[in-house]
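Colleague: If it helps, the file is called target03.txt and holds compact mmCIF, C-alpha atoms and all ligand atoms:
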```
# COMPACT_ATOMS: atom_id res chain seq x y z
CA MET A 1 -18.99 -9.74 18.80
CA ALA A 2 -15.63 -8.00 18.91
CA LEU A 3 -13.44 -8.69 15.93
CA SER A 4 -9.89 -9.85 16.54
CA PRO A 5 -7.28 -7.11 16.11
CA VAL A 6 -6.01 -6.46 12.60
CA ARG A 7 -2.38 -7.57 12.44
CA VAL A 8 -0.56 -5.04 10.27
CA THR A 9 3.04 -5.30 9.09
CA VAL A 10 4.50 -2.01 7.83
CA TRP A 11 7.36 -2.64 5.40
CA ASN A 12 9.84 0.06 4.36
CA GLU A 13 13.02 -0.15 2.33
CA PHE A 14 14.38 2.36 4.89
CA ARG A 15 17.17 3.82 2.76
CA HIS A 16 16.28 7.51 2.28
CA GLU A 17 15.99 8.04 6.04
CA ARG A 18 19.51 6.72 6.56
CA GLU A 19 21.12 8.42 3.56
CA ASN A 20 19.42 11.82 3.37
CA LYS A 21 19.54 14.28 6.28
CA GLU A 22 16.40 16.09 5.18
CA VAL A 23 14.40 12.85 5.19
CA ALA A 24 15.95 11.77 8.51
CA ARG A 25 14.81 15.05 10.05
CA ILE A 26 11.20 14.40 9.00
CA TYR A 27 11.25 10.69 9.87
CA PRO A 28 13.98 10.14 12.49
CA ASP A 29 12.86 6.53 13.08
CA GLY A 30 11.76 5.86 9.52
CA MET A 31 8.44 6.15 7.71
CA HIS A 32 7.49 2.61 8.76
CA VAL A 33 7.72 3.58 12.44
CA ALA A 34 5.70 6.78 11.89
CA ILE A 35 2.90 4.78 10.26
CA ALA A 36 3.07 1.91 12.76
CA ARG A 37 2.91 4.32 15.73
CA TYR A 38 -0.27 5.85 14.40
CA LEU A 39 -1.87 2.44 13.83
CA GLU A 40 -0.86 1.26 17.30
CA ALA A 41 -2.74 4.21 18.79
CA VAL A 42 -5.93 3.36 16.84
CA ASP A 43 -8.23 0.80 18.38
CA GLY A 44 -8.12 -2.62 16.87
CA PHE A 45 -4.63 -2.91 15.40
CA THR A 46 -1.50 -4.77 16.38
CA THR A 47 1.50 -3.77 14.30
CA ARG A 48 5.02 -4.81 13.51
CA THR A 49 7.56 -3.38 11.10
CA ALA A 50 9.95 -4.96 8.61
CA THR A 51 12.71 -3.48 6.46
CA LEU A 52 14.71 -4.37 3.38
CA ASP A 53 18.02 -5.00 5.14
CA GLN A 54 16.66 -7.57 7.58
CA PRO A 55 17.13 -11.24 6.70
CA GLU A 56 14.52 -12.14 4.05
CA HIS A 57 13.63 -8.40 4.16
CA GLY A 58 11.83 -9.12 7.43
CA LEU A 59 9.12 -10.94 5.50
CA THR A 60 9.57 -14.58 6.42
CA LYS A 61 6.82 -17.09 5.75
CA GLN A 62 5.91 -16.91 9.41
CA VAL A 63 5.65 -13.10 9.45
CA LEU A 64 3.40 -13.10 6.39
CA ALA A 65 1.27 -15.89 7.86
CA GLN A 66 0.71 -13.67 10.90
CA THR A 67 -0.04 -10.56 8.81
CA ASP A 68 -3.61 -9.59 7.92
CA THR A 69 -2.55 -6.47 5.99
CA LEU A 70 0.90 -5.59 4.68
CA VAL A 71 1.76 -1.91 4.06
CA TRP A 72 4.55 -1.35 1.50
CA TRP A 73 6.82 1.67 0.98
CA GLY A 74 9.73 1.33 -1.47
CA HIS A 75 11.48 3.62 -3.93
CA ILE A 76 15.20 3.48 -4.75
CA ALA A 77 15.78 -0.17 -3.98
CA HIS A 78 12.96 -2.03 -5.73
CA ASP A 79 15.54 -4.18 -7.52
CA SER A 80 17.13 -5.20 -4.20
CA VAL A 81 13.97 -7.00 -3.16
CA SER A 82 14.60 -10.65 -3.92
CA ASP A 83 12.35 -12.39 -6.41
CA ALA A 84 11.70 -15.08 -3.80
CA VAL A 85 10.28 -12.57 -1.31
CA ALA A 86 8.31 -10.76 -4.02
CA GLU A 87 6.80 -14.10 -5.01
CA ARG A 88 6.06 -14.89 -1.35
CA VAL A 89 4.21 -11.57 -0.93
CA GLN A 90 2.28 -12.17 -4.16
CA GLN A 91 1.24 -15.64 -3.01
CA ALA A 92 0.28 -14.34 0.44
CA VAL A 93 -2.06 -11.81 -1.21
CA LEU A 94 -3.57 -14.47 -3.48
CA ALA A 95 -4.19 -16.55 -0.35
CA GLY A 96 -6.03 -13.71 1.39
CA MET A 97 -3.57 -11.17 2.90
CA GLY A 98 -4.39 -7.50 2.32
CA LEU A 99 -1.82 -5.21 0.67
CA ILE A 100 -1.55 -1.42 0.81
CA VAL A 101 1.00 0.02 -1.60
CA LEU A 102 2.06 3.59 -0.88
CA HIS A 103 3.42 6.23 -3.23
CA SER A 104 6.57 5.07 -5.08
CA GLY A 105 5.65 1.48 -4.23
CA HIS A 106 3.88 1.63 -7.61
CA GLY A 107 7.20 0.41 -9.05
CA SER A 108 7.73 -2.41 -6.55
CA LYS A 109 8.03 -6.05 -7.55
CA PRO A 110 5.02 -7.32 -5.56
CA PHE A 111 2.70 -4.63 -6.95
CA LYS A 112 3.77 -5.15 -10.58
CA ARG A 113 3.51 -8.93 -10.22
CA LEU A 114 0.03 -8.72 -8.79
CA LEU A 115 -1.28 -6.23 -11.35
CA GLY A 116 0.59 -7.55 -14.37
CA THR A 117 1.32 -4.13 -15.94
CA ASN A 118 4.30 -1.76 -15.76
CA CYS A 119 2.59 0.60 -13.30
CA SER A 120 4.58 3.51 -14.75
CA LEU A 121 3.47 7.14 -14.44
CA ARG A 122 4.59 10.76 -15.00
CA TRP A 123 6.09 12.73 -12.11
CA ARG A 124 7.56 16.08 -11.12
CA GLU A 125 9.04 17.46 -7.91
CA ALA A 126 7.93 21.09 -7.80
CA ASN A 127 6.47 21.60 -4.34
CA GLU A 128 2.93 21.97 -5.65
CA ARG A 129 -0.48 21.61 -4.08
CA GLU A 130 -2.37 18.34 -4.44
CA ARG A 131 -6.04 17.73 -3.79
CA LEU A 132 -7.19 14.15 -3.54
CA TRP A 133 -10.91 14.18 -4.33
CA ASN A 134 -12.98 11.63 -2.47
CA LEU A 135 -14.93 9.74 -5.13
CA ALA A 136 -16.32 7.08 -2.79
CA PRO A 137 -17.69 8.75 0.36
CA GLY A 138 -19.62 5.60 1.26
CA HIS A 139 -16.56 3.33 1.12
CA GLU A 140 -14.89 1.94 4.23
CA ILE A 141 -11.57 3.42 3.10
CA THR A 142 -12.89 7.01 3.18
CA ARG A 143 -14.63 6.81 6.56
CA GLY A 144 -14.09 10.15 8.35
CA ILE A 145 -12.71 11.85 5.23
CA GLY A 146 -14.44 14.89 3.74
CA ASP A 147 -14.83 15.93 0.11
CA TYR A 148 -11.08 15.97 -0.39
CA ILE A 149 -7.68 15.71 1.27
CA GLU A 150 -5.41 18.66 0.63
CA LEU A 151 -1.63 18.38 0.67
CA PRO A 152 0.00 21.85 0.58
CA ALA A 153 3.21 20.52 -0.97
CA ALA A 154 3.46 17.26 -2.86
CA GLU A 155 5.26 15.48 -5.61
CA MET A 156 3.16 15.35 -8.78
CA TYR A 157 2.17 11.93 -10.06
CA GLY A 158 0.29 12.14 -13.35
CA GLU A 159 -1.57 10.02 -15.88
CA ARG A 160 -1.31 7.88 -17.65
CA PHE A 161 -0.78 5.53 -14.73
CA ASP A 162 -0.20 2.15 -16.37
CA ILE A 163 -2.46 0.01 -14.21
CA PRO A 164 -5.29 -2.37 -15.00
CA GLU A 165 -8.71 -0.76 -14.58
CA PRO A 166 -9.29 -0.55 -10.79
CA ASP A 167 -12.27 -2.42 -9.33
CA LYS A 168 -13.14 0.91 -7.79
CA LEU A 169 -11.58 4.36 -7.88
CA ILE A 170 -11.47 5.87 -4.38
CA PHE A 171 -9.47 9.08 -4.91
CA LEU A 172 -8.66 11.22 -7.93
CA SER A 173 -5.90 13.81 -7.51
CA TRP A 174 -5.64 17.28 -8.96
CA PHE A 175 -2.28 19.06 -9.10
CA GLN A 176 -1.49 22.74 -9.36
CA GLY A 177 0.49 22.08 -12.53
CA GLY A 178 -2.62 20.77 -14.29
CA GLU A 179 -2.27 16.99 -14.17
CA VAL A 180 -4.69 14.49 -12.67
CA PHE A 181 -3.94 11.08 -11.20
CA ARG A 182 -5.89 8.04 -9.98
CA SER A 183 -4.49 8.33 -6.46
CA GLY A 184 -6.58 5.76 -4.60
CA CYS A 185 -7.46 2.49 -6.33
CA VAL A 186 -8.60 -0.94 -5.22
CA TRP A 187 -8.33 -4.36 -6.81
CA GLU A 188 -8.94 -7.93 -5.78
CA ARG A 189 -6.43 -10.59 -6.69
CA GLY A 190 -7.18 -14.18 -5.72
CA ASN A 191 -8.56 -14.01 -2.17
CA GLY A 192 -6.73 -10.77 -1.37
CA ARG A 193 -7.55 -7.09 -1.47
CA ILE A 194 -5.12 -4.43 -2.71
CA PHE A 195 -5.22 -0.67 -2.17
CA TYR A 196 -2.85 1.73 -3.92
CA PHE A 197 -2.58 5.16 -2.24
CA LYS A 198 -0.46 7.89 -3.79
CA PRO A 199 0.67 10.11 -0.85
CA GLY A 200 4.05 9.46 0.73
CA HIS A 201 6.93 11.31 -0.91
CA GLU A 202 9.87 11.06 1.50
CA THR A 203 10.80 14.77 1.62
CA TYR A 204 7.35 15.89 2.84
CA PRO A 205 5.85 15.07 6.26
CA VAL A 206 2.93 13.27 4.61
CA PHE A 207 2.81 10.51 7.21
CA ALA A 208 2.03 13.09 9.87
CA HIS A 209 -1.10 14.24 7.98
CA GLN A 210 -4.09 12.97 9.94
CA ASP A 211 -6.29 12.32 6.90
CA VAL A 212 -3.55 10.36 5.13
CA LEU A 213 -2.97 8.24 8.24
CA ARG A 214 -6.69 7.73 8.70
CA VAL A 215 -7.05 6.45 5.13
CA ILE A 216 -4.18 4.00 5.69
CA ALA A 217 -5.86 2.74 8.88
CA ASN A 218 -9.25 2.44 7.18
CA ALA A 219 -7.68 0.59 4.27
CA ALA A 220 -5.75 -1.75 6.57
CA ARG A 221 -9.06 -2.74 8.13
CA TRP A 222 -10.87 -2.99 4.79
CA ALA A 223 -8.15 -5.18 3.23
CA ARG A 224 -7.59 -7.42 6.24
CA ARG A 225 -7.27 -11.13 5.66
CA LYS A 226 -10.59 -12.90 5.80
CA ILE A 227 -9.42 -16.37 4.84
CA ASP A 228 -6.10 -18.08 4.30
CA ARG A 229 -6.29 -20.41 1.38
CA HIS A 230 -3.22 -21.22 -0.65
CA THR A 231 -4.48 -22.62 -3.91
CA LEU A 232 -1.03 -24.06 -4.57
CA ASP A 233 -0.87 -26.06 -1.34
CA HIS A 234 -3.53 -28.65 -2.06
CA PRO A 235 -3.91 -31.33 -4.65
CA ASN A 236 -6.80 -29.89 -6.60
CA ILE A 237 -8.25 -33.12 -7.93
CA ARG A 238 -11.66 -33.62 -6.49
CA LYS A 239 -14.06 -36.52 -6.03
CA PRO A 240 -17.60 -35.90 -7.29
CA LEU A 241 -20.24 -35.12 -4.65
CA GLU A 242 -22.88 -37.07 -6.56
CA LYS A 243 -22.64 -40.34 -8.37
CA ILE A 244 -21.98 -39.53 -12.01
CA GLY A 245 -23.58 -41.62 -14.74
ZN ZN K 1 8.26 10.32 -4.40
```
For this file, produce the structure as structure tokens.
Modeller:
Amino acid sequence: MALSPVRVTVWNEFRHERENKEVARIYPDGMHVAIARYLEAVDGFTTRTATLDQPEHGLTKQVLAQTDTLVWWGHIAHDSVSDAVAERVQQAVLAGMGLIVLHSGHGSKPFKRLLGTNCSLRWREANERERLWNLAPGHEITRGIGDYIELPAAEMYGERFDIPEPDKLIFLSWFQGGEVFRSGCVWERGNGRIFYFKPGHETYPVFAHQDVLRVIANAARWARRKIDRHTLDHPNIRKPLEKIG
């Protein structure tokens, strides 16, 4: 039986691309479009994009209801995301929507709300090599990926990454400068699946790297919504199935 297509919404704050010439040269249409184009070309996905400056940041109730996996890229404008939309994303995940948080999205409101910690980390921009070691070669997220993904030039993200213990660690990064970082982590929250993936600094063409894109596609499929159950929507009082007493 063929599965229905995975409906992916790629969200981007879309500020660097419009304010920084170097970033605009790498991503003329924005990072969200680069990611969405790749997913469109892979069998089994239908995609849409949404950005911060759209009404309700492009994430209306209806859009989220029609999203199986939401991909999130944010950096300089985390505080401009309204609490109402952050809460809506959080509730959508708890109800069953998948969430992939990329790179600097570690500081975003939805991610911090869902994980409950500060999600802070150490960083450095020094054009250094990064190797993301594949710790889970049998996992759906690493399908088609070898022992490691190598990025010739990356921003360093280092430990300690202030996250709750992941349900599973998928990638561990090594950096030329000596640090390590838990660069691919999964959690479940409510009925939803979350994947954090470290690559994605805006001044490097990371979203043209085939292995990085493949991991995002694999994760979008892995995290896809399986059910849609809002625990807040129903009166939760329940009649007994058997006669009691
Ligand atoms: Zn960055």
Colleague: Could you work out how far atom CA of Ser4 of chain A lies from atom CA of Ala41 of chain A, giving the answer in Å with one decimal?
Modeller: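 Atom CA of Ser4 of chain A lies 15.9 Å from atom CA of Ala41 of chain A.
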Colleague: Could the residues that lie within 7 Å of ligand ZN 1 (chain K), counting all atoms listed in the file, be listed as a ChimeraX atom specification?
Modeller: /A:103-104,155,200-202
Colleague: Counting only C-alpha atoms, what is within 10 Å of Met156 of chain A, bar same-chain residues fewer than 2 positions away, as a ChimeraX atom specification?
Modeller: /A:121-130,153-154,158,173-181,198-199,201
Colleague: Any chance you could export the current selection's C-alpha atoms as a JSON list (two decimals), keeping the file's coordinate frame?
Modeller:
```json
[["chain", "number", "residue", "atom", "x", "y", "z"],
["A", 121, "LEU", "CA", 3.47, 7.14, -14.44],
["A", 122, "ARG", "CA", 4.59, 10.76, -15.00],
["A", 123, "TRP", "CA", 6.09, 12.73, -12.11],
["A", 124, "ARG", "CA", 7.56, 16.08, -11.12],
["A", 125, "GLU", "CA", 9.04, 17.46, -7.91],
["A", 126, "ALA", "CA", 7.93, 21.09, -7.80],
["A", 127, "ASN", "CA", 6.47, 21.60, -4.34],
["A", 128, "GLU", "CA", 2.93, 21.97, -5.65],
["A", 129, "ARG", "CA", -0.48, 21.61, -4.08],
["A", 130, "GLU", "CA", -2.37, 18.34, -4.44],
["A", 153, "ALA", "CA", 3.21, 20.52, -0.97],
["A", 154, "ALA", "CA", 3.46, 17.26, -2.86],
["A", 158, "GLY", "CA", 0.29, 12.14, -13.35],
["A", 173, "SER", "CA", -5.90, 13.81, -7.51],
["A", 174, "TRP", "CA", -5.64, 17.28, -8.96],
["A", 175, "PHE", "CA", -2.28, 19.06, -9.10],
["A", 176, "GLN", "CA", -1.49, 22.74, -9.36],
["A", 177, "GLY", "CA", 0.49, 22.08, -12.53],
["A", 178, "GLY", "CA", -2.62, 20.77, -14.29],
["A", 179, "GLU", "CA", -2.27, 16.99, -14.17],
["A", 180, "VAL", "CA", -4.69, 14.49, -12.67],
["A", 181, "PHE", "CA", -3.94, 11.08, -11.20],
["A", 198, "LYS", "CA", -0.46, 7.89, -3.79],
["A", 199, "PRO", "CA", 0.67, 10.11, -0.85],
["A", 201, "HIS", "CA", 6.93, 11.31, -0.91]]
```
Colleague: For atom CA of Val6 of chain A and atom CA of Phe197 of chain A, quote the distance in Å rounded to one decimal.
Modeller: 19.2 Å
Colleague: How many Å separate atom CA of Ala92 of chain A from atom CA of Ile194 of chain A?
Modeller: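 We find that atom CA of Ala92 of chain A and atom CA of Ile194 of chain A lie 11.7 Å from each other.
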